[in-house]
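Novice: Structure below; questions to follow.
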Amino acid sequence: MKLIFVSGWELLHKINAIINNMPGLTDRVYTFRNLLGYRHLNELIELGRANPSPQYLQQIKDSITPDDVVSYVYTSGTTGNPKGVMLTHENFLTNIRGVLPIIPTAAGNRILSYLPLCHVYERMLNYAFQSLGIPIYYTENIAKIQQDMAELQPDIFTTVPRLLEKIYDKILAQGNKLTGVKKRIFFWANDVALEYEFSSSKSYQRKLKRARKLVLNKWNEALGGRLKVIVSGGAAIQPRISRVFWAMGVPVLEGYGTTESAPVIAVSDFFKGGLEFGAAGHVLPGTKVRIADDGEILTKGKHVMKGYYNAPEQTAEAIDEEGWLHTGDLGKLTPGGRVKITGRKKEMFKTAFGKYVVPTIIENKFAEDPLIDNILVVGENQKFAAALIVPSFSDLRNWCNQNHINYTTNEEMIKHPDVLKQFKKVVDQYNKFFGDTEKIKSFSLVGYEWSVQTGELTPTLKLKRNKLMEKYKDQIKELFK
């Protein structure tokens, strides 16, 4: 490391101990704010202006090859320690060339970005939009995302499914506050949206037109009213969420990939046969995909990483001798040639009866209920599957008020017999979608929402399973008694 650029005191406090142990770096820290005892970024800029070296700069540029590493991007660490993925110029450029023809862009477009740039999906798309000279606007705080969308009126928005789920939950919460005819019209329009198909009858089109005029257009306007497309990645999106956004006139493209593949492997598109609810779309041009005998998705091409930083053994495990990257994801190819994700290989567990359970499939289904904010399915070497459930506390509070249930804290609320009875009904309802091995036979409610700040979720809102298993080990033990 040669230089460190940091915004202000908060980050400096986190890295001061490291800086002090690295000779030569103590006077090479530049800040974006005027902090006493540290150099400001402008000092470095002025130093460059005072010492122009165009020939030296050209030599450096000429020495860079497409195979050189441009960035180390760390994996999210959902099932183990994060690994440093070495991504080259060619890795990123291959993805950019494959993705840009799919996303409808034009001069004057506005991009809203809220995902962290340490996430490869957001990084690659930022590079792609920058290559076209399209301005990118960054949200200050995820809590302000809907406000920012209304103010900015973006044309393109990149996200993970969890945020779209939260937006939809907020929409439904507003509907539940209505009464009488307005409430009936609101949920009639919602039912129409949930029936959306890419090819539908004329009678449905008439219903959709009316639903948009009465209700759905207002949902669109709340998101700025100009969205040409939302690109969703990082996890599989629930088909019902996609249907609702398409119905309100906001197309959602679903992509699939990994950090190790820079990242997109497949993405839905607006070309013939490019759209299917519940599938990630066609494989990008120049990218190869095949499904291994155990259902794991393998990919090969110029998008595949150079390797893991300082980890040759792990690199050899991930990329076989023929150059196939073993993604760790389970999936299949649909009859239309689109990639469909069914789960994570490392997250899959075996019960005491030797039956395999893919928890993400169960979690995604249960998370459709408005009362559930998050859910962790467990059951490794146990006789049955069980779950920790984080309620959506805003919805649960509304439910408690409607049912005249008194409480003072979240903890008191989730222990109330009527609340537990209601969640038992929810669990029984969603268990009907699964075989006996996958049914949730026991559950426990958690008294606060999981978040990035409290450490249970990754920056892209995925569950940190290992951390959760350790944090709630006593509560999990109780589930199997």
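Order determines the names: the first chain of the structure tokens is A, the second B, and so forth; residues in each chain are numbered 1 upward, and ligands are numbered 1 upward as they are shown.
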DSSP on the backbone, strand (DSSP E or B) only: what residues of segment 69-137 of chain A does that give? Format it as a VMD selection string.
Specialist: chain A and resid 69 to 74 84 to 88 111 to 113 136 to 137
Novice: Let me see the file: selected residues, C-alpha atoms, as a compact mmCIF listing (two decimals), in the first residue's frame.
Specialist:
```txt
# COMPACT_ATOMS: atom_id res chain seq x y z
CA VAL A 69 -5.50 -6.81 -11.46
CA VAL A 70 -7.52 -3.62 -11.18
CA SER A 71 -9.23 -4.34 -7.86
CA TYR A 72 -9.46 -6.72 -4.92
CA VAL A 73 -13.14 -7.19 -4.10
CA TYR A 74 -13.94 -9.22 -1.02
CA GLY A 84 -10.06 -11.29 -1.67
CA VAL A 85 -11.13 -11.78 -5.29
CA MET A 86 -8.52 -10.51 -7.78
CA LEU A 87 -10.40 -8.94 -10.69
CA THR A 88 -8.64 -7.74 -13.82
CA ILE A 111 -28.61 6.86 -12.20
CA LEU A 112 -29.33 6.48 -8.48
CA SER A 113 -26.77 4.40 -6.57
CA ILE A 136 -24.51 8.85 -11.05
CA TYR A 137 -26.16 10.21 -7.90
```
Novice: So which residues touch Val120 of chain A within 10 Å, counting only C-alpha atoms, skipping near sequence neighbours fewer than 4 positions away, as a ChimeraX atom specification?
Specialist: /A:71-75,85,87,92,115-116,124-126,234,257-264
Novice: Mind dumping the selected residues with N, CA, C and O atoms as a PDB file, in the first residue's frame?
Specialist:
```
ATOM      1  N   SER A  71      -8.613  -4.507  -9.171  1.00  0.00           N
ATOM      2  CA  SER A  71      -9.235  -4.340  -7.855  1.00  0.00           C
ATOM      3  C   SER A  71      -9.315  -5.669  -7.113  1.00  0.00           C
ATOM      4  O   SER A  71      -9.488  -6.729  -7.715  1.00  0.00           O
ATOM      5  N   TYR A  72      -9.169  -5.590  -5.800  1.00  0.00           N
ATOM      6  CA  TYR A  72      -9.464  -6.716  -4.920  1.00  0.00           C
ATOM      7  C   TYR A  72     -10.858  -6.460  -4.346  1.00  0.00           C
ATOM      8  O   TYR A  72     -11.071  -5.465  -3.665  1.00  0.00           O
ATOM      9  N   VAL A  73     -11.782  -7.329  -4.649  1.00  0.00           N
ATOM     10  CA  VAL A  73     -13.136  -7.189  -4.105  1.00  0.00           C
ATOM     11  C   VAL A  73     -13.401  -8.388  -3.207  1.00  0.00           C
ATOM     12  O   VAL A  73     -13.276  -9.530  -3.649  1.00  0.00           O
ATOM     13  N   TYR A  74     -13.764  -8.126  -1.983  1.00  0.00           N
ATOM     14  CA  TYR A  74     -13.937  -9.215  -1.022  1.00  0.00           C
ATOM     15  C   TYR A  74     -15.345  -9.790  -1.069  1.00  0.00           C
ATOM     16  O   TYR A  74     -16.333  -9.064  -1.203  1.00  0.00           O
ATOM     17  N   THR A  75     -15.431 -11.126  -0.944  1.00  0.00           N
ATOM     18  CA  THR A  75     -16.727 -11.804  -0.901  1.00  0.00           C
ATOM     19  C   THR A  75     -17.455 -11.395   0.367  1.00  0.00           C
ATOM     20  O   THR A  75     -16.846 -10.931   1.334  1.00  0.00           O
ATOM     21  N   VAL A  85     -11.028 -11.353  -3.892  1.00  0.00           N
ATOM     22  CA  VAL A  85     -11.127 -11.776  -5.290  1.00  0.00           C
ATOM     23  C   VAL A  85     -10.323 -10.808  -6.157  1.00  0.00           C
ATOM     24  O   VAL A  85     -10.568  -9.604  -6.146  1.00  0.00           O
ATOM     25  N   LEU A  87      -9.696  -9.189  -9.436  1.00  0.00           N
ATOM     26  CA  LEU A  87     -10.401  -8.942 -10.692  1.00  0.00           C
ATOM     27  C   LEU A  87      -9.557  -8.059 -11.603  1.00  0.00           C
ATOM     28  O   LEU A  87      -9.017  -7.042 -11.169  1.00  0.00           O
ATOM     29  N   PHE A  92     -13.717  -7.012 -15.741  1.00  0.00           N
ATOM     30  CA  PHE A  92     -14.746  -5.973 -15.676  1.00  0.00           C
ATOM     31  C   PHE A  92     -15.237  -5.572 -17.070  1.00  0.00           C
ATOM     32  O   PHE A  92     -16.440  -5.427 -17.309  1.00  0.00           O
ATOM     33  N   LEU A 115     -26.087   1.066  -3.270  1.00  0.00           N
ATOM     34  CA  LEU A 115     -25.327  -0.100  -2.805  1.00  0.00           C
ATOM     35  C   LEU A 115     -23.867   0.274  -2.594  1.00  0.00           C
ATOM     36  O   LEU A 115     -23.327   1.116  -3.312  1.00  0.00           O
ATOM     37  N   PRO A 116     -23.194  -0.344  -1.627  1.00  0.00           N
ATOM     38  CA  PRO A 116     -21.784  -0.013  -1.383  1.00  0.00           C
ATOM     39  C   PRO A 116     -20.906  -0.410  -2.564  1.00  0.00           C
ATOM     40  O   PRO A 116     -21.139  -1.432  -3.203  1.00  0.00           O
ATOM     41  N   MET A 124     -19.220  -2.723 -10.864  1.00  0.00           N
ATOM     42  CA  MET A 124     -19.181  -2.938 -12.311  1.00  0.00           C
ATOM     43  C   MET A 124     -20.165  -2.017 -13.022  1.00  0.00           C
ATOM     44  O   MET A 124     -19.843  -1.406 -14.054  1.00  0.00           O
ATOM     45  N   LEU A 125     -21.380  -1.871 -12.476  1.00  0.00           N
ATOM     46  CA  LEU A 125     -22.371  -1.016 -13.125  1.00  0.00           C
ATOM     47  C   LEU A 125     -21.968   0.453 -13.057  1.00  0.00           C
ATOM     48  O   LEU A 125     -22.240   1.217 -13.987  1.00  0.00           O
ATOM     49  N   ASN A 126     -21.306   0.867 -11.977  1.00  0.00           N
ATOM     50  CA  ASN A 126     -20.783   2.234 -11.918  1.00  0.00           C
ATOM     51  C   ASN A 126     -19.763   2.456 -13.022  1.00  0.00           C
ATOM     52  O   ASN A 126     -19.783   3.479 -13.710  1.00  0.00           O
ATOM     53  N   GLY A 234     -27.691  -9.811  -6.776  1.00  0.00           N
ATOM     54  CA  GLY A 234     -27.252 -10.138  -5.421  1.00  0.00           C
ATOM     55  C   GLY A 234     -28.000 -11.298  -4.800  1.00  0.00           C
ATOM     56  O   GLY A 234     -27.499 -11.952  -3.888  1.00  0.00           O
ATOM     57  N   GLY A 257     -25.008 -13.605 -10.693  1.00  0.00           N
ATOM     58  CA  GLY A 257     -23.558 -13.693 -10.829  1.00  0.00           C
ATOM     59  C   GLY A 257     -22.893 -13.859  -9.474  1.00  0.00           C
ATOM     60  O   GLY A 257     -23.558 -14.008  -8.450  1.00  0.00           O
ATOM     61  N   THR A 258     -21.575 -13.818  -9.475  1.00  0.00           N
ATOM     62  CA  THR A 258     -20.789 -13.963  -8.255  1.00  0.00           C
ATOM     63  C   THR A 258     -19.663 -12.926  -8.263  1.00  0.00           C
ATOM     64  O   THR A 258     -19.319 -12.392  -9.320  1.00  0.00           O
ATOM     65  N   THR A 259     -19.095 -12.669  -7.117  1.00  0.00           N
ATOM     66  CA  THR A 259     -17.940 -11.775  -7.049  1.00  0.00           C
ATOM     67  C   THR A 259     -16.833 -12.296  -7.961  1.00  0.00           C
ATOM     68  O   THR A 259     -16.166 -11.526  -8.661  1.00  0.00           O
ATOM     69  N   GLU A 260     -16.662 -13.608  -7.972  1.00  0.00           N
ATOM     70  CA  GLU A 260     -15.586 -14.240  -8.741  1.00  0.00           C
ATOM     71  C   GLU A 260     -15.762 -14.138 -10.251  1.00  0.00           C
ATOM     72  O   GLU A 260     -14.827 -14.421 -11.007  1.00  0.00           O
ATOM     73  N   SER A 261     -16.969 -13.735 -10.693  1.00  0.00           N
ATOM     74  CA  SER A 261     -17.219 -13.627 -12.143  1.00  0.00           C
ATOM     75  C   SER A 261     -17.470 -12.184 -12.574  1.00  0.00           C
ATOM     76  O   SER A 261     -18.018 -11.931 -13.640  1.00  0.00           O
ATOM     77  N   ALA A 262     -17.158 -11.255 -11.761  1.00  0.00           N
ATOM     78  CA  ALA A 262     -17.036  -9.798 -12.056  1.00  0.00           C
ATOM     79  C   ALA A 262     -18.269  -8.979 -12.431  1.00  0.00           C
ATOM     80  O   ALA A 262     -18.113  -7.984 -13.086  1.00  0.00           O
ATOM     81  N   PRO A 263     -19.499  -9.211 -12.065  1.00  0.00           N
ATOM     82  CA  PRO A 263     -20.046 -10.417 -11.463  1.00  0.00           C
ATOM     83  C   PRO A 263     -21.073 -11.132 -12.340  1.00  0.00           C
ATOM     84  O   PRO A 263     -21.435 -12.272 -12.071  1.00  0.00           O
ATOM     85  N   VAL A 264     -21.601 -10.453 -13.395  1.00  0.00           N
ATOM     86  CA  VAL A 264     -22.798 -10.982 -14.053  1.00  0.00           C
ATOM     87  C   VAL A 264     -22.476 -12.196 -14.923  1.00  0.00           C
ATOM     88  O   VAL A 264     -21.557 -12.172 -15.734  1.00  0.00           O
TER      89      VAL A 264
END
```
Novice: Neighbouring residues of Phe349 of chain A were defined as those with any atom within 6 Å, considering only C-alpha atoms; residues of the same chain fewer than 5 positions away were excluded. Please report them as a ChimeraX atom specification.
Specialist: /A:356-357,380
Novice: Identify, on the basis of only C-alpha atoms, every residue whose closest approach to Arg465 of chain A does not exceed 12 Å; exclude the query and any residue fewer than 5 positions from it along the same chain; express the result as a VMD selection string.
Specialist: chain A and resid 76 to 81 344 346 to 348 359 to 360 375 to 378 388 450 455 to 458 470 to 473
Novice: Excluding Ile389 of chain A and residues on its chain fewer than 5 positions from it, collect all residues at most 12 Å away from it, counting only C-alpha atoms, and give them as an MDAnalysis selection string.
Specialist: chainID A and resid 363 366:367 369 371:378 414 420 423:424 426:427 440 442:450 468 472 475:476 479
Novice: What's the 10 Å shell around segment 228-232 of chain A, counting only C-alpha atoms, without same-chain residues fewer than 4 positions away, as a compact mmCIF listing (two decimals) with all heavy atoms, in the first residue's frame?
Specialist:
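New file selection-v3.txt:
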```txt
# COMPACT_ATOMS: atom_id res chain seq x y z
N ILE A 103 -29.20 -2.81 -20.92
CA ILE A 103 -29.80 -1.74 -20.14
C ILE A 103 -30.08 -0.54 -21.03
O ILE A 103 -29.16 -0.01 -21.66
CB ILE A 103 -28.87 -1.33 -18.98
CG1 ILE A 103 -28.57 -2.53 -18.09
CG2 ILE A 103 -29.48 -0.20 -18.15
CD1 ILE A 103 -27.53 -2.28 -17.02
N PRO A 104 -31.34 -0.10 -21.11
CA PRO A 104 -31.67 1.04 -21.99
C PRO A 104 -31.16 2.36 -21.42
O PRO A 104 -31.68 2.88 -20.44
CB PRO A 104 -33.21 1.02 -22.02
CG PRO A 104 -33.61 0.35 -20.74
CD PRO A 104 -32.51 -0.63 -20.40
N THR A 105 -30.10 2.88 -22.01
CA THR A 105 -29.51 4.14 -21.53
C THR A 105 -29.55 5.17 -22.64
O THR A 105 -29.59 4.84 -23.82
CB THR A 105 -28.05 3.92 -21.10
OG1 THR A 105 -27.32 3.33 -22.19
CG2 THR A 105 -27.94 3.04 -19.88
N ASN A 109 -29.81 10.69 -19.01
CA ASN A 109 -30.31 9.78 -17.97
C ASN A 109 -29.69 10.09 -16.61
O ASN A 109 -28.59 10.65 -16.53
CB ASN A 109 -29.98 8.33 -18.33
CG ASN A 109 -30.92 7.74 -19.36
OD1 ASN A 109 -30.68 6.67 -19.86
ND2 ASN A 109 -31.99 8.44 -19.68
N TYR A 121 -21.14 -5.99 -7.86
CA TYR A 121 -22.27 -5.71 -8.77
C TYR A 121 -22.43 -4.20 -8.98
O TYR A 121 -22.52 -3.71 -10.10
CB TYR A 121 -23.51 -6.34 -8.16
CG TYR A 121 -24.85 -5.87 -8.67
CD1 TYR A 121 -25.19 -6.00 -10.00
CD2 TYR A 121 -25.79 -5.35 -7.79
CE1 TYR A 121 -26.43 -5.59 -10.45
CE2 TYR A 121 -27.04 -4.95 -8.23
CZ TYR A 121 -27.35 -5.07 -9.56
OH TYR A 121 -28.57 -4.65 -9.99
N LEU A 125 -21.38 -1.87 -12.48
CA LEU A 125 -22.37 -1.02 -13.12
C LEU A 125 -21.97 0.45 -13.06
O LEU A 125 -22.24 1.22 -13.99
CB LEU A 125 -23.75 -1.23 -12.49
CG LEU A 125 -24.44 -2.53 -12.94
CD1 LEU A 125 -25.71 -2.76 -12.14
CD2 LEU A 125 -24.75 -2.51 -14.43
N PRO A 154 -34.95 9.28 -10.89
CA PRO A 154 -33.94 8.59 -11.70
C PRO A 154 -34.57 7.80 -12.85
O PRO A 154 -35.74 7.45 -12.82
CB PRO A 154 -33.29 7.63 -10.69
CG PRO A 154 -34.36 7.37 -9.67
CD PRO A 154 -35.13 8.66 -9.57
N ASP A 155 -33.74 7.55 -13.88
CA ASP A 155 -34.16 6.72 -15.00
C ASP A 155 -33.81 5.26 -14.77
O ASP A 155 -34.50 4.36 -15.24
CB ASP A 155 -33.47 7.19 -16.29
CG ASP A 155 -33.82 8.63 -16.63
OD1 ASP A 155 -34.84 8.83 -17.30
OD2 ASP A 155 -33.09 9.54 -16.20
N ILE A 156 -32.69 5.04 -14.06
CA ILE A 156 -32.19 3.69 -13.82
C ILE A 156 -31.78 3.57 -12.35
O ILE A 156 -31.22 4.50 -11.78
CB ILE A 156 -30.99 3.37 -14.73
CG1 ILE A 156 -31.42 3.47 -16.21
CG2 ILE A 156 -30.42 1.99 -14.45
CD1 ILE A 156 -30.27 3.44 -17.19
N PHE A 157 -32.07 2.42 -11.80
CA PHE A 157 -31.82 2.20 -10.38
C PHE A 157 -31.34 0.76 -10.21
O PHE A 157 -31.97 -0.17 -10.73
CB PHE A 157 -33.12 2.44 -9.62
CG PHE A 157 -33.07 2.13 -8.15
CD1 PHE A 157 -32.14 2.75 -7.32
CD2 PHE A 157 -33.96 1.23 -7.59
CE1 PHE A 157 -32.12 2.47 -5.97
CE2 PHE A 157 -33.94 0.96 -6.24
CZ PHE A 157 -33.01 1.59 -5.42
N THR A 158 -30.21 0.57 -9.56
CA THR A 158 -29.71 -0.79 -9.32
C THR A 158 -29.92 -1.14 -7.85
O THR A 158 -29.71 -0.30 -6.97
CB THR A 158 -28.22 -0.91 -9.69
OG1 THR A 158 -27.47 0.06 -8.95
CG2 THR A 158 -28.01 -0.66 -11.16
N THR A 159 -30.31 -2.37 -7.59
CA THR A 159 -30.70 -2.72 -6.23
C THR A 159 -30.51 -4.21 -5.95
O THR A 159 -30.16 -4.98 -6.85
CB THR A 159 -32.17 -2.33 -5.98
OG1 THR A 159 -32.48 -2.53 -4.59
CG2 THR A 159 -33.12 -3.17 -6.82
N VAL A 160 -30.78 -4.60 -4.71
CA VAL A 160 -30.92 -6.00 -4.33
C VAL A 160 -32.40 -6.23 -4.01
O VAL A 160 -33.12 -5.28 -3.66
CB VAL A 160 -30.03 -6.36 -3.11
CG1 VAL A 160 -28.56 -6.30 -3.49
CG2 VAL A 160 -30.31 -5.45 -1.92
N PRO A 161 -32.89 -7.46 -4.13
CA PRO A 161 -34.32 -7.71 -3.95
C PRO A 161 -34.88 -7.25 -2.61
O PRO A 161 -36.03 -6.81 -2.52
CB PRO A 161 -34.42 -9.23 -4.08
CG PRO A 161 -33.27 -9.63 -4.92
CD PRO A 161 -32.17 -8.68 -4.55
N ARG A 162 -34.07 -7.32 -1.56
CA ARG A 162 -34.58 -7.00 -0.22
C ARG A 162 -35.13 -5.58 -0.16
O ARG A 162 -36.14 -5.34 0.52
CB ARG A 162 -33.46 -7.18 0.82
CG ARG A 162 -33.97 -7.17 2.25
CD ARG A 162 -34.67 -8.48 2.59
NE ARG A 162 -35.33 -8.42 3.89
CZ ARG A 162 -36.62 -8.28 4.04
NH1 ARG A 162 -37.42 -8.16 3.00
NH2 ARG A 162 -37.16 -8.27 5.25
N LEU A 163 -34.50 -4.64 -0.84
CA LEU A 163 -34.99 -3.27 -0.80
C LEU A 163 -36.34 -3.16 -1.51
O LEU A 163 -37.25 -2.47 -1.03
CB LEU A 163 -34.00 -2.30 -1.43
CG LEU A 163 -34.46 -0.84 -1.34
CD1 LEU A 163 -34.26 -0.28 0.05
CD2 LEU A 163 -33.76 0.03 -2.35
N LEU A 164 -36.50 -3.86 -2.64
CA LEU A 164 -37.77 -3.83 -3.35
C LEU A 164 -38.88 -4.44 -2.50
O LEU A 164 -40.02 -3.96 -2.52
CB LEU A 164 -37.66 -4.58 -4.69
CG LEU A 164 -36.65 -4.02 -5.70
CD1 LEU A 164 -36.72 -4.81 -7.00
CD2 LEU A 164 -36.89 -2.55 -5.96
N ALA A 236 -31.89 -13.99 -5.59
CA ALA A 236 -33.08 -14.21 -6.42
C ALA A 236 -34.21 -13.33 -5.93
O ALA A 236 -34.42 -13.16 -4.72
CB ALA A 236 -33.50 -15.68 -6.35
N ILE A 237 -34.96 -12.75 -6.86
CA ILE A 237 -36.08 -11.88 -6.50
C ILE A 237 -37.38 -12.68 -6.54
O ILE A 237 -37.58 -13.53 -7.40
CB ILE A 237 -36.15 -10.66 -7.45
CG1 ILE A 237 -37.19 -9.66 -6.97
CG2 ILE A 237 -36.41 -11.07 -8.88
CD1 ILE A 237 -37.17 -8.34 -7.72
N SER A 242 -41.50 -8.81 -8.62
CA SER A 242 -41.29 -8.41 -10.02
C SER A 242 -42.61 -8.07 -10.69
O SER A 242 -42.73 -7.06 -11.40
CB SER A 242 -40.60 -9.54 -10.79
OG SER A 242 -39.24 -9.62 -10.48
N PHE A 245 -43.95 -4.56 -9.71
CA PHE A 245 -43.23 -3.44 -10.30
C PHE A 245 -43.50 -3.33 -11.80
O PHE A 245 -43.67 -2.23 -12.34
CB PHE A 245 -41.74 -3.54 -10.01
CG PHE A 245 -41.37 -3.03 -8.64
CD1 PHE A 245 -41.46 -3.84 -7.52
CD2 PHE A 245 -40.97 -1.72 -8.46
CE1 PHE A 245 -41.16 -3.37 -6.26
CE2 PHE A 245 -40.65 -1.23 -7.21
CZ PHE A 245 -40.75 -2.06 -6.10
N TRP A 246 -43.53 -4.46 -12.50
CA TRP A 246 -43.87 -4.43 -13.93
C TRP A 246 -45.29 -3.87 -14.12
O TRP A 246 -45.53 -3.09 -15.04
CB TRP A 246 -43.78 -5.84 -14.53
CG TRP A 246 -42.40 -6.22 -14.98
CD1 TRP A 246 -41.43 -6.83 -14.24
CD2 TRP A 246 -41.83 -6.00 -16.28
NE1 TRP A 246 -40.29 -7.01 -14.98
CE2 TRP A 246 -40.51 -6.52 -16.24
CE3 TRP A 246 -42.30 -5.43 -17.45
CZ2 TRP A 246 -39.66 -6.48 -17.34
CZ3 TRP A 246 -41.45 -5.39 -18.56
CH2 TRP A 246 -40.15 -5.91 -18.50
N GLY A 249 -45.63 -0.28 -14.14
CA GLY A 249 -44.94 0.37 -15.25
C GLY A 249 -43.46 0.55 -15.05
O GLY A 249 -42.82 1.35 -15.74
N VAL A 250 -42.89 -0.21 -14.10
CA VAL A 250 -41.45 -0.14 -13.83
C VAL A 250 -40.84 -1.52 -14.12
O VAL A 250 -40.95 -2.43 -13.30
CB VAL A 250 -41.16 0.26 -12.37
CG1 VAL A 250 -39.66 0.30 -12.12
CG2 VAL A 250 -41.80 1.61 -12.04
N PRO A 251 -40.20 -1.71 -15.28
CA PRO A 251 -39.60 -3.00 -15.60
C PRO A 251 -38.46 -3.35 -14.62
O PRO A 251 -37.66 -2.49 -14.26
CB PRO A 251 -39.03 -2.80 -17.01
CG PRO A 251 -39.77 -1.63 -17.55
CD PRO A 251 -40.06 -0.74 -16.38
N VAL A 252 -38.42 -4.61 -14.21
CA VAL A 252 -37.36 -5.11 -13.33
C VAL A 252 -36.61 -6.21 -14.07
O VAL A 252 -37.20 -7.22 -14.47
CB VAL A 252 -37.91 -5.66 -12.00
CG1 VAL A 252 -36.79 -6.27 -11.16
CG2 VAL A 252 -38.62 -4.56 -11.21
N LEU A 253 -35.31 -6.01 -14.28
CA LEU A 253 -34.46 -7.04 -14.87
C LEU A 253 -33.73 -7.75 -13.75
O LEU A 253 -33.18 -7.10 -12.86
CB LEU A 253 -33.46 -6.44 -15.84
CG LEU A 253 -34.03 -5.73 -17.08
CD1 LEU A 253 -32.90 -5.23 -17.96
CD2 LEU A 253 -34.95 -6.66 -17.87
N GLU A 254 -33.74 -9.08 -13.78
CA GLU A 254 -33.07 -9.86 -12.73
C GLU A 254 -31.76 -10.44 -13.26
O GLU A 254 -31.74 -11.07 -14.32
CB GLU A 254 -33.98 -10.99 -12.25
CG GLU A 254 -33.34 -11.84 -11.16
CD GLU A 254 -34.23 -12.94 -10.64
OE1 GLU A 254 -35.41 -13.01 -11.06
OE2 GLU A 254 -33.76 -13.73 -9.81
N GLY A 255 -30.69 -10.19 -12.52
CA GLY A 255 -29.38 -10.72 -12.92
C GLY A 255 -28.86 -11.73 -11.92
O GLY A 255 -29.30 -11.78 -10.77
N TYR A 256 -27.92 -12.55 -12.39
CA TYR A 256 -27.27 -13.52 -11.51
C TYR A 256 -25.77 -13.50 -11.77
O TYR A 256 -25.32 -13.40 -12.91
CB TYR A 256 -27.81 -14.94 -11.74
CG TYR A 256 -26.86 -15.99 -11.21
CD1 TYR A 256 -26.67 -16.14 -9.84
CD2 TYR A 256 -26.10 -16.77 -12.08
CE1 TYR A 256 -25.76 -17.05 -9.35
CE2 TYR A 256 -25.18 -17.70 -11.59
CZ TYR A 256 -25.02 -17.83 -10.23
OH TYR A 256 -24.10 -18.72 -9.74
N VAL A 267 -28.50 -12.44 -17.19
CA VAL A 267 -29.42 -11.36 -16.82
C VAL A 267 -30.59 -11.36 -17.80
O VAL A 267 -30.42 -11.65 -18.99
CB VAL A 267 -28.72 -9.98 -16.80
CG1 VAL A 267 -28.23 -9.58 -18.18
CG2 VAL A 267 -29.62 -8.90 -16.21
N SER A 268 -31.79 -11.07 -17.29
CA SER A 268 -32.95 -10.98 -18.18
C SER A 268 -32.81 -9.72 -19.05
O SER A 268 -32.05 -8.81 -18.72
CB SER A 268 -34.25 -10.95 -17.37
OG SER A 268 -34.20 -10.00 -16.34
N ALA A 280 -33.23 -15.77 -13.91
CA ALA A 280 -32.30 -14.64 -14.04
C ALA A 280 -32.05 -14.22 -15.49
O ALA A 280 -31.43 -13.21 -15.72
CB ALA A 280 -30.97 -14.97 -13.38
```
Novice: So which residues touch segment 289-293 of chain A within 10 Å, counting only C-alpha atoms, skipping near sequence neighbours fewer than 2 positions away, as a compact mmCIF listing (two decimals) with C-alpha atoms, in the first residue's frame?
Specialist:
```
# COMPACT_ATOMS: atom_id res chain seq x y z
CA ILE A 265 -23.22 -14.44 -15.56
CA ALA A 266 -26.81 -14.11 -16.75
CA VAL A 283 -26.28 -16.15 -20.23
CA LEU A 284 -24.21 -13.13 -21.35
CA THR A 287 -19.92 -16.55 -21.19
CA GLY A 295 -26.79 -29.08 -9.51
CA GLU A 296 -23.96 -26.56 -9.03
CA ILE A 297 -23.68 -23.77 -11.59
CA LEU A 298 -20.30 -23.66 -13.37
CA THR A 299 -19.12 -20.83 -15.62
CA LYS A 300 -16.17 -20.22 -17.90
CA GLY A 301 -14.89 -17.21 -19.85
CA TRP A 324 -14.60 -23.77 -14.96
CA LEU A 325 -15.47 -21.57 -11.98
CA HIS A 326 -17.50 -23.51 -9.42
CA ASP A 329 -24.75 -21.81 -6.30
CA LEU A 330 -27.35 -24.43 -7.15
CA GLY A 331 -29.49 -23.91 -10.21
CA LYS A 332 -30.82 -25.12 -13.53
CA LEU A 333 -31.40 -23.97 -17.08
CA VAL A 339 -30.62 -19.51 -15.59
```
Novice: Extract the full set of helix (DSSP H, G or I) residues from segment 119-258 of chain A according to DSSP on the backbone, and format it as a count of residues only.
Specialist: 84
Novice: Atom CA of Gln153 of chain A and atom CA of Gly225 of chain A, how far apart in Å?
Specialist: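 So the answer is 6.4 Å.
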Novice: Pick the closest to Ala106 of chain A from A:Val181, A:Leu275, A:Ile134, A:Ile18: which is it, counting only C-alpha atoms?
Specialist: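 Selected residue with least distance to Ala106 of chain A: A:Ile134.
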